[in-house]
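Notes follow the structure.
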Amino acid sequence: MKLSVIIPVYNAASYIADTLQSLLHQTMTDFEVLLVDDHGTDNTIEIARQIVREDARFCFLQTPVNSGPGIARNIGIDAARGKFIAFLDSDDLWEPNFLEALVDAALGNDKPKDLCYCQLKYQGGSKDGQVHRNPVLEDGAFTPEKKKYFLRKFVTFSVCFLFRREFLLANNLRFPDNKNSEDTNFLTRCLLLAESIACVDTPLYIYNVRANSLTTGRNTTRYNERMSAVNALMKYFKALKQQPKYDYLKLEQYNLVMAWIWFKKGFAQAIKEIL
């Protein structure tokens with residue numbers, strides 16, 4: 001199996017039908033879908049079950065209690081069987097060639113890449129139609145120099161990425177249990193450890209802007225969780241520097257980069273959210 005798609009599901013009854021249709025209309029069909037129910041209060045799961053019916057590619061899992069998208073994704077990672085893992089939020093969409101384009105790029109002409117990514121396009125809200133871009137890199141080795149450049153300029157959104165499953169498992173890469181900013185923490189650690197990368201410089205992920213979503217809400221709880229996630233990231237980086245096997249990264253060069261991430265992804269944005 002080429003791919004496992006992980007969808008954390010929580011209160012997306014108005015969107016889940018369109019999300020699943022974007023999966024069912026993919027040009028590549030060799031995938032499994034793990035929908036992880038995070039104990040929402042609406043009928044999203046019932047709608048999803050009706051849509052996929054007897055499609056054996058779809059599997060329903062559940063968090064023990066409402067835990068947030070990070071823990072739901074971790075449950076999916078542990079259950080996944082595909083060569084690659086992709087994350088899709090239950091209110092977003094994929095262009096029909098999302099899977100085919102990213103899998104083809106990740107496989108390339110040599111061994112499978114640890115990471116492959118595309119660009120993201122907003123749908124709805126004040127940014128409707130705008131493209132959110134990660135830096136464009138040449139496919140191949142993800143060198144320390146490329147990492148440093150990418151980390152300075154990248155936007156989060158792990159949903160834009162394809163992850164080689166064995167890479168995640170070998171490095172014990174999982175999302176933290178925060179309900180906010182878990183994406184920044186997870187993706188930054190993946191970027192630090194990945195040895196190869198591929199890019200599809202096309203907006204194939206459609207991010208549906210919802211006024212009441214976790215990523216658009218503004219409150220002190222989100223501020224505290226954002227700072228907690230970035231604090232955990234800094235502790236991880238400090239521990240990583242103590243391990244000789246990561247000497248090739250020249251980790252001392254990343255001190256300024258990580259401080260920039262702390263500011264850009266943590267403090268500055270969080271302050272804006274509570275003003």
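Lettering and numbering for the structure tokens are positional, with chains as A, B, ... in the shown order, residues counted from 1 in each chain, and ligands counted from 1 in the shown order.
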_Residues within 6 Å of segment 17-29 of chain A, please, as an MDAnalysis selection string. Count only C-alpha atoms; anything in the same chain fewer than 3 positions from it doesn't count._
chainID A and resid 92:94 96:97 100
*asked:* Can you tell me which residues surround Thr41 of chain A at a distance of at most 9 Å, considering only C-alpha atoms, apart from same-chain residues fewer than 3 positions away, and format the answer as a list in words?
replied: Tyr10, Asn11 and Thr44 of chain A
Would you save the residues of that selection, restricted to N, CA and C atoms, as a PDB file, in the first residue's frame?
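Result file again_9.pdb:
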```pdb
ATOM      1  N   TYR A  10     -13.649  15.997  14.278  1.00  0.00           N
ATOM      2  CA  TYR A  10     -14.278  16.651  15.428  1.00  0.00           C
ATOM      3  C   TYR A  10     -15.195  17.768  14.936  1.00  0.00           C
ATOM      4  N   ASN A  11     -16.490  17.611  15.151  1.00  0.00           N
ATOM      5  CA  ASN A  11     -17.483  18.651  14.857  1.00  0.00           C
ATOM      6  C   ASN A  11     -17.298  19.298  13.483  1.00  0.00           C
ATOM      7  N   THR A  44     -20.910  14.201  12.792  1.00  0.00           N
ATOM      8  CA  THR A  44     -19.902  14.087  11.739  1.00  0.00           C
ATOM      9  C   THR A  44     -19.595  12.629  11.411  1.00  0.00           C
TER      10      THR A  44
END
```
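The closest residue to Phe31 of chain A, picked from A:Val5, A:Ala105, A:Leu151, A:Ala12 and counting only C-alpha atoms, is A:Val5.
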Compile the contact shell of Phe60 of chain A as a compact mmCIF listing (two decimals) with N, CA, C and O atoms, in the first residue's frame: residues with an atom at most 9 Å away, counting only C-alpha atoms, same-chain residues fewer than 6 positions apart removed.
```txt
# COMPACT_ATOMS: atom_id res chain seq x y z
N VAL A 33 -7.68 5.02 4.52
CA VAL A 33 -8.08 6.23 5.23
C VAL A 33 -8.43 5.87 6.67
O VAL A 33 -9.29 5.02 6.91
N LEU A 34 -7.76 6.51 7.62
CA LEU A 34 -8.00 6.29 9.04
C LEU A 34 -8.68 7.53 9.60
O LEU A 34 -8.06 8.58 9.78
N LEU A 35 -9.99 7.43 9.83
CA LEU A 35 -10.73 8.53 10.44
C LEU A 35 -10.74 8.33 11.95
O LEU A 35 -11.23 7.32 12.44
N VAL A 36 -10.20 9.30 12.67
CA VAL A 36 -10.06 9.16 14.12
C VAL A 36 -11.05 10.08 14.82
O VAL A 36 -10.89 11.31 14.83
N ASP A 37 -12.07 9.49 15.38
CA ASP A 37 -13.14 10.23 16.07
C ASP A 37 -12.61 10.79 17.39
O ASP A 37 -12.19 10.04 18.28
N ILE A 45 -19.40 11.80 12.42
CA ILE A 45 -19.02 10.40 12.19
C ILE A 45 -20.14 9.66 11.47
O ILE A 45 -19.89 8.85 10.55
N ARG A 49 -19.71 7.74 7.90
CA ARG A 49 -20.00 6.32 7.70
C ARG A 49 -20.97 6.11 6.53
O ARG A 49 -20.83 5.15 5.75
```
Alpha helix (DSSP H) residues, from DSSP on the backbone, in segment 130-219 of chain A, as an mmCIF file with N, CA and C atoms, in the first residue's frame:
```
data_model
loop_
_atom_site.group_PDB
_atom_site.id
_atom_site.type_symbol
_atom_site.label_atom_id
_atom_site.label_comp_id
_atom_site.auth_asym_id
_atom_site.auth_seq_id
_atom_site.Cartn_x
_atom_site.Cartn_y
_atom_site.Cartn_z
ATOM 1 N N PRO A 144 22.206 20.268 5.731
ATOM 2 C CA PRO A 144 22.117 21.247 6.816
ATOM 3 C C PRO A 144 21.886 22.665 6.318
ATOM 4 N N GLU A 145 22.490 23.026 5.194
ATOM 5 C CA GLU A 145 22.312 24.367 4.651
ATOM 6 C C GLU A 145 20.859 24.582 4.203
ATOM 7 N N LYS A 146 20.281 23.562 3.548
ATOM 8 C CA LYS A 146 18.883 23.652 3.125
ATOM 9 C C LYS A 146 17.953 23.724 4.329
ATOM 10 N N LYS A 147 18.261 22.962 5.368
ATOM 11 C CA LYS A 147 17.424 22.981 6.576
ATOM 12 C C LYS A 147 17.401 24.372 7.193
ATOM 13 N N LYS A 148 18.579 24.955 7.296
ATOM 14 C CA LYS A 148 18.679 26.270 7.931
ATOM 15 C C LYS A 148 17.860 27.299 7.156
ATOM 16 N N TYR A 149 17.958 27.256 5.847
ATOM 17 C CA TYR A 149 17.184 28.176 4.994
ATOM 18 C C TYR A 149 15.688 27.910 5.135
ATOM 19 N N PHE A 150 15.308 26.643 5.071
ATOM 20 C CA PHE A 150 13.886 26.283 5.129
ATOM 21 C C PHE A 150 13.277 26.654 6.467
ATOM 22 N N LEU A 151 13.999 26.388 7.552
ATOM 23 C CA LEU A 151 13.459 26.659 8.886
ATOM 24 C C LEU A 151 13.273 28.150 9.134
ATOM 25 N N ARG A 152 14.080 28.981 8.512
ATOM 26 C CA ARG A 152 13.902 30.424 8.667
ATOM 27 C C ARG A 152 12.601 30.902 8.041
ATOM 28 N N LYS A 153 12.185 30.241 6.965
ATOM 29 C CA LYS A 153 11.119 30.796 6.141
ATOM 30 C C LYS A 153 9.853 29.953 6.065
ATOM 31 N N ARG A 165 6.563 6.784 6.339
ATOM 32 C CA ARG A 165 6.145 6.209 7.629
ATOM 33 C C ARG A 165 7.338 5.672 8.423
ATOM 34 N N GLU A 166 8.254 4.974 7.769
ATOM 35 C CA GLU A 166 9.390 4.419 8.489
ATOM 36 C C GLU A 166 10.284 5.505 9.072
ATOM 37 N N PHE A 167 10.327 6.660 8.425
ATOM 38 C CA PHE A 167 11.071 7.801 8.968
ATOM 39 C C PHE A 167 10.449 8.269 10.288
ATOM 40 N N LEU A 168 9.118 8.382 10.323
ATOM 41 C CA LEU A 168 8.438 8.798 11.556
ATOM 42 C C LEU A 168 8.648 7.785 12.671
ATOM 43 N N LEU A 169 8.512 6.491 12.340
ATOM 44 C CA LEU A 169 8.631 5.456 13.356
ATOM 45 C C LEU A 169 10.056 5.347 13.886
ATOM 46 N N ALA A 170 11.037 5.411 12.991
ATOM 47 C CA ALA A 170 12.434 5.255 13.395
ATOM 48 C C ALA A 170 12.889 6.373 14.321
ATOM 49 N N GLU A 182 0.486 22.247 18.085
ATOM 50 C CA GLU A 182 1.119 20.934 18.009
ATOM 51 C C GLU A 182 1.767 20.723 16.640
ATOM 52 N N ASP A 183 1.221 21.416 15.637
ATOM 53 C CA ASP A 183 1.732 21.283 14.274
ATOM 54 C C ASP A 183 3.139 21.868 14.145
ATOM 55 N N THR A 184 3.359 23.048 14.728
ATOM 56 C CA THR A 184 4.680 23.685 14.681
ATOM 57 C C THR A 184 5.723 22.785 15.312
ATOM 58 N N ASN A 185 5.404 22.244 16.469
ATOM 59 C CA ASN A 185 6.336 21.368 17.187
ATOM 60 C C ASN A 185 6.680 20.138 16.350
ATOM 61 N N PHE A 186 5.664 19.438 15.869
ATOM 62 C CA PHE A 186 5.864 18.201 15.121
ATOM 63 C C PHE A 186 6.635 18.438 13.827
ATOM 64 N N LEU A 187 6.189 19.406 13.039
ATOM 65 C CA LEU A 187 6.802 19.610 11.732
ATOM 66 C C LEU A 187 8.241 20.090 11.857
ATOM 67 N N THR A 188 8.530 20.938 12.831
ATOM 68 C CA THR A 188 9.903 21.406 13.007
ATOM 69 C C THR A 188 10.830 20.248 13.341
ATOM 70 N N ARG A 189 10.385 19.327 14.209
ATOM 71 C CA ARG A 189 11.216 18.170 14.545
ATOM 72 C C ARG A 189 11.432 17.276 13.323
ATOM 73 N N CYS A 190 10.390 17.126 12.517
ATOM 74 C CA CYS A 190 10.541 16.341 11.286
ATOM 75 C C CYS A 190 11.554 16.993 10.348
ATOM 76 N N LEU A 191 11.487 18.310 10.222
ATOM 77 C CA LEU A 191 12.407 19.016 9.335
ATOM 78 C C LEU A 191 13.849 18.906 9.822
ATOM 79 N N LEU A 192 14.051 18.926 11.130
ATOM 80 C CA LEU A 192 15.404 18.797 11.676
ATOM 81 C C LEU A 192 16.019 17.439 11.374
ATOM 82 N N LEU A 193 15.217 16.386 11.395
ATOM 83 C CA LEU A 193 15.742 15.030 11.306
ATOM 84 C C LEU A 193 15.694 14.430 9.901
#
```
*Could you name the residues that touch Ala86 of chain A at 8 Å or less, counting only C-alpha atoms, but leaving out those on the same chain fewer than 4 positions away, as a PyMOL selection string?*
chain A and resi 3-6+159+161-163
Grab the residues selected above and save them as an mmCIF file, in the first residue's frame with C-alpha atoms.
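For reference, selection.cif as written:
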```cif
data_model
loop_
_atom_site.group_PDB
_atom_site.id
_atom_site.type_symbol
_atom_site.label_atom_id
_atom_site.label_comp_id
_atom_site.auth_asym_id
_atom_site.auth_seq_id
_atom_site.Cartn_x
_atom_site.Cartn_y
_atom_site.Cartn_z
ATOM 1 C CA LEU A 3 -0.314 5.679 1.396
ATOM 2 C CA SER A 4 -2.198 6.093 4.676
ATOM 3 C CA VAL A 5 -4.455 9.138 5.043
ATOM 4 C CA ILE A 6 -5.141 10.217 8.635
ATOM 5 C CA VAL A 159 -1.146 18.843 6.112
ATOM 6 C CA PHE A 161 3.436 17.299 3.697
ATOM 7 C CA LEU A 162 3.766 13.642 2.893
ATOM 8 C CA PHE A 163 5.803 11.714 5.499
#
```
*What residues in segment 34-148 of chain A get the DSSP label strand (DSSP E)? Please answer as a PyMOL selection string.*
chain A and resi 34-37+58-62+84-87+93-94+115-123+131-132+140-141
Can you spit out the residues from that selection as a compact mmCIF listing (two decimals), in the first residue's frame, using N, CA, C and O atoms?
```txt
# COMPACT_ATOMS: atom_id res chain seq x y z
N LEU A 34 -7.76 6.51 7.62
CA LEU A 34 -8.00 6.29 9.04
C LEU A 34 -8.68 7.53 9.60
O LEU A 34 -8.06 8.58 9.78
N LEU A 35 -9.99 7.43 9.83
CA LEU A 35 -10.73 8.53 10.44
C LEU A 35 -10.74 8.33 11.95
O LEU A 35 -11.23 7.32 12.44
N VAL A 36 -10.20 9.30 12.67
CA VAL A 36 -10.06 9.16 14.12
C VAL A 36 -11.05 10.08 14.82
O VAL A 36 -10.89 11.31 14.83
N ASP A 37 -12.07 9.49 15.38
CA ASP A 37 -13.14 10.23 16.07
C ASP A 37 -12.61 10.79 17.39
O ASP A 37 -12.19 10.04 18.28
N PHE A 58 -11.54 2.51 4.08
CA PHE A 58 -11.82 3.43 5.18
C PHE A 58 -11.96 2.67 6.50
O PHE A 58 -12.65 1.65 6.58
N CYS A 59 -11.28 3.18 7.53
CA CYS A 59 -11.31 2.57 8.87
C CYS A 59 -11.60 3.65 9.90
O CYS A 59 -11.05 4.76 9.83
N PHE A 60 -12.46 3.34 10.88
CA PHE A 60 -12.82 4.31 11.91
C PHE A 60 -12.15 3.93 13.23
O PHE A 60 -12.29 2.80 13.72
N LEU A 61 -11.41 4.89 13.80
CA LEU A 61 -10.75 4.73 15.09
C LEU A 61 -11.30 5.79 16.04
O LEU A 61 -12.11 6.63 15.65
N GLN A 62 -10.82 5.79 17.28
CA GLN A 62 -11.35 6.73 18.26
C GLN A 62 -10.31 7.05 19.33
O GLN A 62 -9.57 6.16 19.76
N PHE A 84 3.77 5.84 2.90
CA PHE A 84 3.75 7.26 3.26
C PHE A 84 2.49 7.57 4.07
O PHE A 84 1.49 6.85 3.99
N ILE A 85 2.57 8.66 4.83
CA ILE A 85 1.43 9.14 5.63
C ILE A 85 1.12 10.57 5.23
O ILE A 85 2.01 11.40 5.08
N ALA A 86 -0.17 10.84 5.04
CA ALA A 86 -0.64 12.20 4.78
C ALA A 86 -1.73 12.53 5.79
O ALA A 86 -2.51 11.66 6.20
N PHE A 87 -1.79 13.80 6.20
CA PHE A 87 -2.81 14.27 7.13
C PHE A 87 -3.79 15.18 6.39
O PHE A 87 -3.38 16.08 5.65
N LEU A 93 -9.92 20.29 1.93
CA LEU A 93 -10.07 19.60 0.66
C LEU A 93 -8.71 19.36 0.01
O LEU A 93 -7.74 20.08 0.28
N TRP A 94 -8.65 18.36 -0.84
CA TRP A 94 -7.49 18.12 -1.70
C TRP A 94 -7.89 18.33 -3.15
O TRP A 94 -9.01 17.96 -3.56
N LEU A 115 10.41 13.34 3.33
CA LEU A 115 9.35 14.34 3.31
C LEU A 115 9.09 14.78 1.87
O LEU A 115 10.01 14.84 1.06
N CYS A 116 7.85 15.11 1.59
CA CYS A 116 7.49 15.75 0.32
C CYS A 116 6.36 16.73 0.63
O CYS A 116 5.48 16.43 1.44
N TYR A 117 6.37 17.89 0.00
CA TYR A 117 5.36 18.89 0.34
C TYR A 117 4.87 19.63 -0.90
O TYR A 117 5.53 19.68 -1.94
N CYS A 118 3.68 20.20 -0.77
CA CYS A 118 3.11 21.08 -1.79
C CYS A 118 2.77 22.41 -1.12
O CYS A 118 3.06 22.62 0.05
N GLN A 119 2.12 23.29 -1.86
CA GLN A 119 1.69 24.57 -1.30
C GLN A 119 0.21 24.49 -0.91
O GLN A 119 -0.48 23.53 -1.26
N LEU A 120 -0.25 25.50 -0.19
CA LEU A 120 -1.60 25.51 0.37
C LEU A 120 -2.36 26.74 -0.11
O LEU A 120 -1.79 27.83 -0.20
N LYS A 121 -3.64 26.56 -0.39
CA LYS A 121 -4.49 27.67 -0.82
C LYS A 121 -5.65 27.84 0.15
O LYS A 121 -6.29 26.86 0.55
N TYR A 122 -5.92 29.10 0.54
CA TYR A 122 -7.03 29.39 1.44
C TYR A 122 -8.36 29.43 0.68
O TYR A 122 -8.44 29.88 -0.47
N GLN A 123 -9.41 28.96 1.36
CA GLN A 123 -10.76 29.07 0.82
C GLN A 123 -11.65 29.69 1.90
O GLN A 123 -11.81 29.15 2.99
N VAL A 131 -2.43 32.00 -1.74
CA VAL A 131 -1.58 30.81 -1.63
C VAL A 131 -0.57 31.02 -0.51
O VAL A 131 0.10 32.05 -0.45
N HIS A 132 -0.50 30.06 0.40
CA HIS A 132 0.43 30.09 1.52
C HIS A 132 1.62 29.22 1.13
O HIS A 132 1.48 28.00 0.96
N GLY A 140 15.84 16.06 -3.35
CA GLY A 140 17.06 15.30 -3.07
C GLY A 140 17.47 15.42 -1.62
O GLY A 140 16.63 15.50 -0.73
N ALA A 141 18.78 15.43 -1.38
CA ALA A 141 19.31 15.47 -0.02
C ALA A 141 18.87 16.75 0.70
O ALA A 141 18.93 17.84 0.13
```
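The two atoms in question, atom CA of Ile75 of chain A and atom CA of Val9 of chain A, are spaced 12.2 Å apart.
Across A:Gly40, A:Pro69, A:Pro203, A:Pro64, the tightest approach to Pro8 of chain A is made by A:Pro69 when counting only C-alpha atoms.
Proximity of A:Asp42, A:Tyr205, A:Asp114, A:Asn66 to Ala101 of chain A, computed with only C-alpha atoms, is greatest for A:Tyr205.
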*Which of these residues is nearest to Asp78 of chain A, using only C-alpha atoms: A:Tyr236, A:Tyr248, A:Tyr207, A:Phe175?*
A:Phe175
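Atom CA of Asn231 of chain A lies 11.0 Å from atom CA of Ser181 of chain A.
If you look at atom CA of Arg174 of chain A and atom CA of Asn74 of chain A, they are 5.9 Å away from each other.
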*asked:* Applying 8 Å and only C-alpha atoms, which residues near Val65 of chain A remain after dropping the ones on its own chain fewer than 2 positions away? List them as number ranges by chain.
replied: A: 38-39, 63, 67
